[in-house]
Amino acid sequence: MLQFPAPVRRGDRIGVTSPSAGVTGPAAARIDFCIRWLREAGFDVVVGELMDGTGITSGPAADRAAELTAMLCDPTIRCVIPPWGGETAIDMVDLLDWDALAVAEPTWLVGFSDLSTLLLPLTTRLGWATVHGDNLADTPYEQPEGLLSWLEVVAGTGPHRQRDSGLITDWWRFEEDPRATRWKTAGEGQWALHGSDSLHVTGRLIGGCVETVCNLAGTPYGDVAAFGRAHAEDGLIVYVEVAGHDAATICRNLHGLRLAGWFDHARAVLVGRTSAPDHPDLSQREAVLDALGRLEIPIVFDMEIGHVPPHLPLVNGALATLTIDGDLREIVQRLG
């Protein structure tokens, strides 16, 4: 049974912790600014003890799991967000107190990249809706026309309507401007539909960053096949995005997800725009088609759902309707 956390409103408490990479050096100025930005926007921000950025993670796995569990179980905290992703959040997935979480009121967890490692099992195991959207470092950036911020999405049940922004942007380096609130324009882009001329499909959203979630497939923490069976009446819209691995590696990862049943109940697949490298004999798009083309379901490429900003927030568990017809390219999410 899906559970959607209570809406997040001005005055509510937001928890900040680092389940993966912590904060150090020039990045600290950016995170300090983002915390102040949230407070000035009217939120009560509490910062955890585990924010250290001198190692690959912010602290021992058991400590990180305990702090995240405590924040998610705290009824005064409406939402938890990390500074950014990282590399090895998988080391704490089985250390979360799943029994405590199972009896707690659901709390929003927001983020992307390595945070997919945690967003996915909260939805598939507990039925908590989670947000694949900006991390804290990205939150102050203004959304371009057509897209919503994650704060707008978690503020109500929707319907939340978003459309192709047509933009490709980039981050400002922290050394350049730790207080940036407008994306650096990098070019233009457009969602690209493969497999049909038009598309109108509805399903429950689930997915994440390929490099992280592929390691959960076949475990109790990434059983999307079971999630699909539980929601077979609605069907799934599965989304994937690539952080930085080459196309051959991604091809293998996606085949693994396919073999684990991730797409058994998929009515469409969404693919995030990526700057990850091609293989000399295989492009990133060809990698997707090699693994998923045989499924004969629509695939939408180049969506703003990954490591190339801006970001279109997706809610794991939301009932989404995707329409691509002529100049109309939009996705509508309903939280319920």
# chains A, B, ... in the order shown; residues from 1 in each chain; ligands from 1
>>> residues_around(residues="Val23 of chain A", least_positions_apart="4", cutoff="6 Å", atoms="only C-alpha atoms", output="ChimeraX atom specification")
/A:28,51-53
>>> closest_residue(among="A:Leu312, A:Leu151, A:Ala248, A:Ile14", to="Phe43 of chain A", atoms="only C-alpha atoms")
A:Ile14
>>> residues_around(residues="Cys34 of chain A", least_positions_apart="3", cutoff="10 Å", atoms="only C-alpha atoms", output="PDB file with all heavy atoms, in the first residue's frame")
ATOM      1  N   ALA A  28      31.490  23.697   1.213  1.00  0.00           N
ATOM      2  CA  ALA A  28      30.838  24.058   2.471  1.00  0.00           C
ATOM      3  C   ALA A  28      30.134  25.401   2.365  1.00  0.00           C
ATOM      4  O   ALA A  28      29.049  25.594   2.930  1.00  0.00           O
ATOM      5  CB  ALA A  28      31.865  24.074   3.596  1.00  0.00           C
ATOM      6  N   ALA A  29      30.734  26.339   1.619  1.00  0.00           N
ATOM      7  CA  ALA A  29      30.103  27.650   1.448  1.00  0.00           C
ATOM      8  C   ALA A  29      28.780  27.509   0.711  1.00  0.00           C
ATOM      9  O   ALA A  29      27.803  28.220   1.008  1.00  0.00           O
ATOM     10  CB  ALA A  29      31.042  28.594   0.709  1.00  0.00           C
ATOM     11  N   ARG A  30      28.727  26.620  -0.277  1.00  0.00           N
ATOM     12  CA  ARG A  30      27.491  26.406  -1.020  1.00  0.00           C
ATOM     13  C   ARG A  30      26.409  25.832  -0.104  1.00  0.00           C
ATOM     14  O   ARG A  30      25.261  26.301  -0.111  1.00  0.00           O
ATOM     15  CB  ARG A  30      27.728  25.461  -2.204  1.00  0.00           C
ATOM     16  CG  ARG A  30      26.461  25.089  -2.979  1.00  0.00           C
ATOM     17  CD  ARG A  30      25.813  26.306  -3.597  1.00  0.00           C
ATOM     18  NE  ARG A  30      24.594  25.964  -4.345  1.00  0.00           N
ATOM     19  CZ  ARG A  30      23.825  26.867  -4.935  1.00  0.00           C
ATOM     20  NH1 ARG A  30      24.114  28.145  -4.880  1.00  0.00           N
ATOM     21  NH2 ARG A  30      22.733  26.491  -5.589  1.00  0.00           N
ATOM     22  N   ILE A  31      26.745  24.825   0.687  1.00  0.00           N
ATOM     23  CA  ILE A  31      25.751  24.195   1.546  1.00  0.00           C
ATOM     24  C   ILE A  31      25.289  25.160   2.630  1.00  0.00           C
ATOM     25  O   ILE A  31      24.099  25.215   2.964  1.00  0.00           O
ATOM     26  CB  ILE A  31      26.300  22.887   2.146  1.00  0.00           C
ATOM     27  CG1 ILE A  31      26.577  21.882   1.013  1.00  0.00           C
ATOM     28  CG2 ILE A  31      25.327  22.297   3.157  1.00  0.00           C
ATOM     29  CD1 ILE A  31      25.387  21.603   0.108  1.00  0.00           C
ATOM     30  N   TRP A  37      19.210  29.751   2.617  1.00  0.00           N
ATOM     31  CA  TRP A  37      18.167  29.981   1.618  1.00  0.00           C
ATOM     32  C   TRP A  37      16.852  29.335   2.060  1.00  0.00           C
ATOM     33  O   TRP A  37      15.778  29.954   1.964  1.00  0.00           O
ATOM     34  CB  TRP A  37      18.618  29.441   0.273  1.00  0.00           C
ATOM     35  CG  TRP A  37      17.700  29.730  -0.878  1.00  0.00           C
ATOM     36  CD1 TRP A  37      17.752  30.799  -1.725  1.00  0.00           C
ATOM     37  CD2 TRP A  37      16.593  28.919  -1.310  1.00  0.00           C
ATOM     38  NE1 TRP A  37      16.741  30.712  -2.655  1.00  0.00           N
ATOM     39  CE2 TRP A  37      16.014  29.580  -2.429  1.00  0.00           C
ATOM     40  CE3 TRP A  37      16.038  27.733  -0.863  1.00  0.00           C
ATOM     41  CZ2 TRP A  37      14.907  29.067  -3.095  1.00  0.00           C
ATOM     42  CZ3 TRP A  37      14.931  27.218  -1.519  1.00  0.00           C
ATOM     43  CH2 TRP A  37      14.379  27.880  -2.630  1.00  0.00           C
ATOM     44  N   LEU A  38      16.917  28.071   2.534  1.00  0.00           N
ATOM     45  CA  LEU A  38      15.710  27.393   3.014  1.00  0.00           C
ATOM     46  C   LEU A  38      15.117  28.112   4.222  1.00  0.00           C
ATOM     47  O   LEU A  38      13.894  28.265   4.334  1.00  0.00           O
ATOM     48  CB  LEU A  38      16.026  25.943   3.379  1.00  0.00           C
ATOM     49  CG  LEU A  38      16.095  24.931   2.231  1.00  0.00           C
ATOM     50  CD1 LEU A  38      16.522  23.574   2.764  1.00  0.00           C
ATOM     51  CD2 LEU A  38      14.744  24.815   1.520  1.00  0.00           C
ATOM     52  N   ARG A  39      15.983  28.543   5.121  1.00  0.00           N
ATOM     53  CA  ARG A  39      15.484  29.251   6.308  1.00  0.00           C
ATOM     54  C   ARG A  39      14.823  30.570   5.923  1.00  0.00           C
ATOM     55  O   ARG A  39      13.758  30.916   6.445  1.00  0.00           O
ATOM     56  CB  ARG A  39      16.630  29.461   7.295  1.00  0.00           C
ATOM     57  CG  ARG A  39      17.041  28.165   8.004  1.00  0.00           C
ATOM     58  CD  ARG A  39      18.276  28.335   8.861  1.00  0.00           C
ATOM     59  NE  ARG A  39      18.545  27.108   9.620  1.00  0.00           N
ATOM     60  CZ  ARG A  39      19.725  26.777  10.122  1.00  0.00           C
ATOM     61  NH1 ARG A  39      20.782  27.589   9.950  1.00  0.00           N
ATOM     62  NH2 ARG A  39      19.874  25.646  10.791  1.00  0.00           N
ATOM     63  N   GLU A  40      15.440  31.288   4.994  1.00  0.00           N
ATOM     64  CA  GLU A  40      14.853  32.550   4.555  1.00  0.00           C
ATOM     65  C   GLU A  40      13.549  32.324   3.792  1.00  0.00           C
ATOM     66  O   GLU A  40      12.695  33.219   3.737  1.00  0.00           O
ATOM     67  CB  GLU A  40      15.851  33.320   3.697  1.00  0.00           C
ATOM     68  CG  GLU A  40      17.042  33.858   4.494  1.00  0.00           C
ATOM     69  CD  GLU A  40      18.150  34.398   3.612  1.00  0.00           C
ATOM     70  OE1 GLU A  40      17.969  34.404   2.375  1.00  0.00           O
ATOM     71  OE2 GLU A  40      19.196  34.818   4.168  1.00  0.00           O
ATOM     72  N   PRO A  83      23.017  16.924   1.237  1.00  0.00           N
ATOM     73  CA  PRO A  83      23.686  17.973   0.470  1.00  0.00           C
ATOM     74  C   PRO A  83      23.817  17.607  -1.003  1.00  0.00           C
ATOM     75  O   PRO A  83      23.640  18.456  -1.879  1.00  0.00           O
ATOM     76  CB  PRO A  83      25.046  18.113   1.150  1.00  0.00           C
ATOM     77  CG  PRO A  83      25.246  16.840   1.912  1.00  0.00           C
ATOM     78  CD  PRO A  83      23.879  16.381   2.304  1.00  0.00           C
ATOM     79  N   LEU A 136      20.164  19.186  -1.905  1.00  0.00           N
ATOM     80  CA  LEU A 136      20.176  20.491  -1.258  1.00  0.00           C
ATOM     81  C   LEU A 136      20.990  21.504  -2.054  1.00  0.00           C
ATOM     82  O   LEU A 136      20.582  22.664  -2.209  1.00  0.00           O
ATOM     83  CB  LEU A 136      20.733  20.364   0.164  1.00  0.00           C
ATOM     84  CG  LEU A 136      20.869  21.675   0.951  1.00  0.00           C
ATOM     85  CD1 LEU A 136      19.521  22.364   1.113  1.00  0.00           C
ATOM     86  CD2 LEU A 136      21.496  21.395   2.314  1.00  0.00           C
ATOM     87  N   ALA A 137      22.138  21.092  -2.585  1.00  0.00           N
ATOM     88  CA  ALA A 137      23.013  22.026  -3.300  1.00  0.00           C
ATOM     89  C   ALA A 137      22.350  22.622  -4.523  1.00  0.00           C
ATOM     90  O   ALA A 137      22.738  23.705  -4.989  1.00  0.00           O
ATOM     91  CB  ALA A 137      24.312  21.322  -3.700  1.00  0.00           C
ATOM     92  N   ASP A 138      21.330  21.942  -5.069  1.00  0.00           N
ATOM     93  CA  ASP A 138      20.646  22.410  -6.276  1.00  0.00           C
ATOM     94  C   ASP A 138      19.368  23.182  -5.976  1.00  0.00           C
ATOM     95  O   ASP A 138      18.832  23.860  -6.849  1.00  0.00           O
ATOM     96  CB  ASP A 138      20.273  21.222  -7.174  1.00  0.00           C
ATOM     97  CG  ASP A 138      21.376  20.201  -7.285  1.00  0.00           C
ATOM     98  OD1 ASP A 138      22.491  20.603  -7.645  1.00  0.00           O
ATOM     99  OD2 ASP A 138      21.131  19.012  -7.001  1.00  0.00           O
ATOM    100  N   THR A 139      18.861  23.052  -4.755  1.00  0.00           N
ATOM    101  CA  THR A 139      17.524  23.547  -4.429  1.00  0.00           C
ATOM    102  C   THR A 139      17.322  25.042  -4.683  1.00  0.00           C
ATOM    103  O   THR A 139      16.254  25.444  -5.168  1.00  0.00           O
ATOM    104  CB  THR A 139      17.180  23.184  -2.971  1.00  0.00           C
ATOM    105  OG1 THR A 139      17.102  21.745  -2.864  1.00  0.00           O
ATOM    106  CG2 THR A 139      15.860  23.781  -2.538  1.00  0.00           C
ATOM    107  N   PRO A 140      18.290  25.924  -4.427  1.00  0.00           N
ATOM    108  CA  PRO A 140      18.035  27.345  -4.667  1.00  0.00           C
ATOM    109  C   PRO A 140      17.928  27.742  -6.137  1.00  0.00           C
ATOM    110  O   PRO A 140      17.479  28.858  -6.438  1.00  0.00           O
ATOM    111  CB  PRO A 140      19.243  28.037  -4.012  1.00  0.00           C
ATOM    112  CG  PRO A 140      19.748  27.058  -3.004  1.00  0.00           C
ATOM    113  CD  PRO A 140      19.530  25.730  -3.647  1.00  0.00           C
ATOM    114  N   TYR A 141      18.355  26.878  -7.059  1.00  0.00           N
ATOM    115  CA  TYR A 141      18.280  27.240  -8.471  1.00  0.00           C
ATOM    116  C   TYR A 141      16.822  27.420  -8.902  1.00  0.00           C
ATOM    117  O   TYR A 141      15.960  26.598  -8.591  1.00  0.00           O
ATOM    118  CB  TYR A 141      18.933  26.170  -9.341  1.00  0.00           C
ATOM    119  CG  TYR A 141      20.437  26.220  -9.394  1.00  0.00           C
ATOM    120  CD1 TYR A 141      21.208  25.234  -8.787  1.00  0.00           C
ATOM    121  CD2 TYR A 141      21.090  27.241 -10.075  1.00  0.00           C
ATOM    122  CE1 TYR A 141      22.600  25.260  -8.848  1.00  0.00           C
ATOM    123  CE2 TYR A 141      22.467  27.289 -10.141  1.00  0.00           C
ATOM    124  CZ  TYR A 141      23.222  26.301  -9.524  1.00  0.00           C
ATOM    125  OH  TYR A 141      24.590  26.345  -9.590  1.00  0.00           O
ATOM    126  N   PRO A 178      29.227  30.495  -5.004  1.00  0.00           N
ATOM    127  CA  PRO A 178      28.560  29.565  -4.086  1.00  0.00           C
ATOM    128  C   PRO A 178      27.115  29.968  -3.786  1.00  0.00           C
ATOM    129  O   PRO A 178      26.386  29.196  -3.162  1.00  0.00           O
ATOM    130  CB  PRO A 178      29.423  29.646  -2.827  1.00  0.00           C
ATOM    131  CG  PRO A 178      30.031  30.999  -2.874  1.00  0.00           C
ATOM    132  CD  PRO A 178      30.268  31.279  -4.325  1.00  0.00           C
ATOM    133  N   ARG A 179      26.705  31.154  -4.246  1.00  0.00           N
ATOM    134  CA  ARG A 179      25.356  31.641  -3.980  1.00  0.00           C
ATOM    135  C   ARG A 179      24.488  31.652  -5.247  1.00  0.00           C
ATOM    136  O   ARG A 179      23.454  32.330  -5.281  1.00  0.00           O
ATOM    137  CB  ARG A 179      25.414  33.051  -3.382  1.00  0.00           C
ATOM    138  CG  ARG A 179      26.168  33.130  -2.065  1.00  0.00           C
ATOM    139  CD  ARG A 179      26.432  34.578  -1.668  1.00  0.00           C
ATOM    140  NE  ARG A 179      25.187  35.340  -1.578  1.00  0.00           N
ATOM    141  CZ  ARG A 179      24.439  35.422  -0.492  1.00  0.00           C
ATOM    142  NH1 ARG A 179      24.809  34.778   0.611  1.00  0.00           N
ATOM    143  NH2 ARG A 179      23.329  36.138  -0.484  1.00  0.00           N
ATOM    144  N   ALA A 180      24.856  30.903  -6.247  1.00  0.00           N
ATOM    145  CA  ALA A 180      24.123  30.928  -7.514  1.00  0.00           C
ATOM    146  C   ALA A 180      22.686  30.453  -7.338  1.00  0.00           C
ATOM    147  O   ALA A 180      22.416  29.471  -6.634  1.00  0.00           O
ATOM    148  CB  ALA A 180      24.833  30.056  -8.548  1.00  0.00           C
ATOM    149  N   THR A 181      21.768  31.128  -8.001  1.00  0.00           N
ATOM    150  CA  THR A 181      20.361  30.732  -7.985  1.00  0.00           C
ATOM    151  C   THR A 181      19.785  30.624  -9.407  1.00  0.00           C
ATOM    152  O   THR A 181      18.608  30.321  -9.560  1.00  0.00           O
ATOM    153  CB  THR A 181      19.512  31.731  -7.187  1.00  0.00           C
ATOM    154  OG1 THR A 181      19.649  33.028  -7.767  1.00  0.00           O
ATOM    155  CG2 THR A 181      19.937  31.759  -5.725  1.00  0.00           C
TER     156      THR A 181
END
>>> residues_around(residues="Val271 of chain A", least_positions_apart="4", cutoff="9 Å", atoms="only C-alpha atoms", output="ChimeraX atom specification")
/A:238-242,288,299-306
>>> closest_residue(among="A:Gly207, A:Gly317, A:Gly86, A:Gly261", to="Asp234 of chain A", atoms="only C-alpha atoms")
A:Gly317
>>> select_by_dssp(residues="segment 207-300 of chain A", states="strand (DSSP E)", output="mmCIF file with N, CA and C atoms, in the first residue's frame")
data_model
loop_
_atom_site.group_PDB
_atom_site.id
_atom_site.type_symbol
_atom_site.label_atom_id
_atom_site.label_comp_id
_atom_site.auth_asym_id
_atom_site.auth_seq_id
_atom_site.Cartn_x
_atom_site.Cartn_y
_atom_site.Cartn_z
ATOM 1 N N GLY A 207 12.083 4.196 -10.218
ATOM 2 C CA GLY A 207 13.346 4.184 -10.953
ATOM 3 C C GLY A 207 14.455 4.842 -10.172
ATOM 4 N N GLY A 208 15.486 5.324 -10.918
ATOM 5 C CA GLY A 208 16.611 5.975 -10.277
ATOM 6 C C GLY A 208 17.851 5.971 -11.142
ATOM 7 N N CYS A 209 18.974 6.255 -10.506
ATOM 8 C CA CYS A 209 20.274 6.325 -11.167
ATOM 9 C C CYS A 209 20.776 4.918 -11.461
ATOM 10 N N LEU A 236 3.447 0.359 -14.560
ATOM 11 C CA LEU A 236 4.575 1.183 -14.142
ATOM 12 C C LEU A 236 5.054 2.071 -15.284
ATOM 13 N N ILE A 237 5.591 3.220 -14.895
ATOM 14 C CA ILE A 237 6.449 4.005 -15.772
ATOM 15 C C ILE A 237 7.808 4.010 -15.096
ATOM 16 N N VAL A 238 8.756 3.318 -15.690
ATOM 17 C CA VAL A 238 10.090 3.157 -15.091
ATOM 18 C C VAL A 238 11.019 4.207 -15.684
ATOM 19 N N TYR A 239 11.759 4.893 -14.822
ATOM 20 C CA TYR A 239 12.714 5.896 -15.291
ATOM 21 C C TYR A 239 14.126 5.518 -14.879
ATOM 22 N N VAL A 240 15.081 5.822 -15.734
ATOM 23 C CA VAL A 240 16.494 5.554 -15.474
ATOM 24 C C VAL A 240 17.307 6.749 -15.942
ATOM 25 N N GLU A 241 18.421 6.970 -15.271
ATOM 26 C CA GLU A 241 19.328 8.046 -15.695
ATOM 27 C C GLU A 241 20.753 7.642 -15.359
ATOM 28 N N ALA A 266 6.176 -2.495 -17.057
ATOM 29 C CA ALA A 266 6.379 -1.128 -17.548
ATOM 30 C C ALA A 266 5.517 -0.861 -18.775
ATOM 31 N N ARG A 267 4.883 0.297 -18.766
ATOM 32 C CA ARG A 267 4.135 0.754 -19.930
ATOM 33 C C ARG A 267 4.934 1.757 -20.747
ATOM 34 N N ALA A 268 5.984 2.292 -20.134
ATOM 35 C CA ALA A 268 6.907 3.198 -20.823
ATOM 36 C C ALA A 268 8.173 3.289 -19.983
ATOM 37 N N VAL A 269 9.262 3.679 -20.626
ATOM 38 C CA VAL A 269 10.539 3.900 -19.944
ATOM 39 C C VAL A 269 10.989 5.331 -20.231
ATOM 40 N N LEU A 270 11.364 6.041 -19.187
ATOM 41 C CA LEU A 270 11.892 7.393 -19.317
ATOM 42 C C LEU A 270 13.395 7.353 -19.099
ATOM 43 N N VAL A 271 14.134 8.039 -19.944
ATOM 44 C CA VAL A 271 15.598 8.034 -19.877
ATOM 45 C C VAL A 271 16.086 9.467 -19.722
ATOM 46 N N GLY A 272 16.890 9.702 -18.701
ATOM 47 C CA GLY A 272 17.404 11.034 -18.448
ATOM 48 C C GLY A 272 18.503 11.432 -19.412
ATOM 49 N N ILE A 299 9.936 4.319 -25.347
ATOM 50 C CA ILE A 299 11.059 4.855 -24.586
ATOM 51 C C ILE A 299 11.160 6.345 -24.901
ATOM 52 N N VAL A 300 11.238 7.150 -23.849
ATOM 53 C CA VAL A 300 11.376 8.592 -24.027
ATOM 54 C C VAL A 300 12.774 8.993 -23.574
#
>>> closest_residue(among="A:Leu147, A:Ile206, A:Leu193, A:Val45", to="Arg13 of chain A", atoms="only C-alpha atoms")
A:Val45
>>> closest_residue(among="A:Asp246, A:Asp325, A:Asp97, A:Glu152", to="Glu286 of chain A", atoms="only C-alpha atoms")
A:Asp246
>>> closest_residue(among="A:Thr323, A:Thr185, A:Ser149, A:Ser113", to="Trp172 of chain A", atoms="only C-alpha atoms")
A:Thr185
>>> select_by_dssp(residues="segment 85-287 of chain A", states="alpha helix (DSSP H)", output="ChimeraX atom specification")
/A:98-103,116-126,150-153,210-213,224-230,247-259,284-287
>>> residues_around(residues="segment 65-71 of chain A", least_positions_apart="5", cutoff="7 Å", atoms="only C-alpha atoms", output="list in words")
Gly15, Thr17, Pro19, Ile77, Met92, Leu95, Leu96 and Asp97 of chain A
>>> closest_residue(among="A:Pro313, A:Gly55, A:Pro106, A:Gly166", to="Thr76 of chain A", atoms="only C-alpha atoms")
A:Pro106
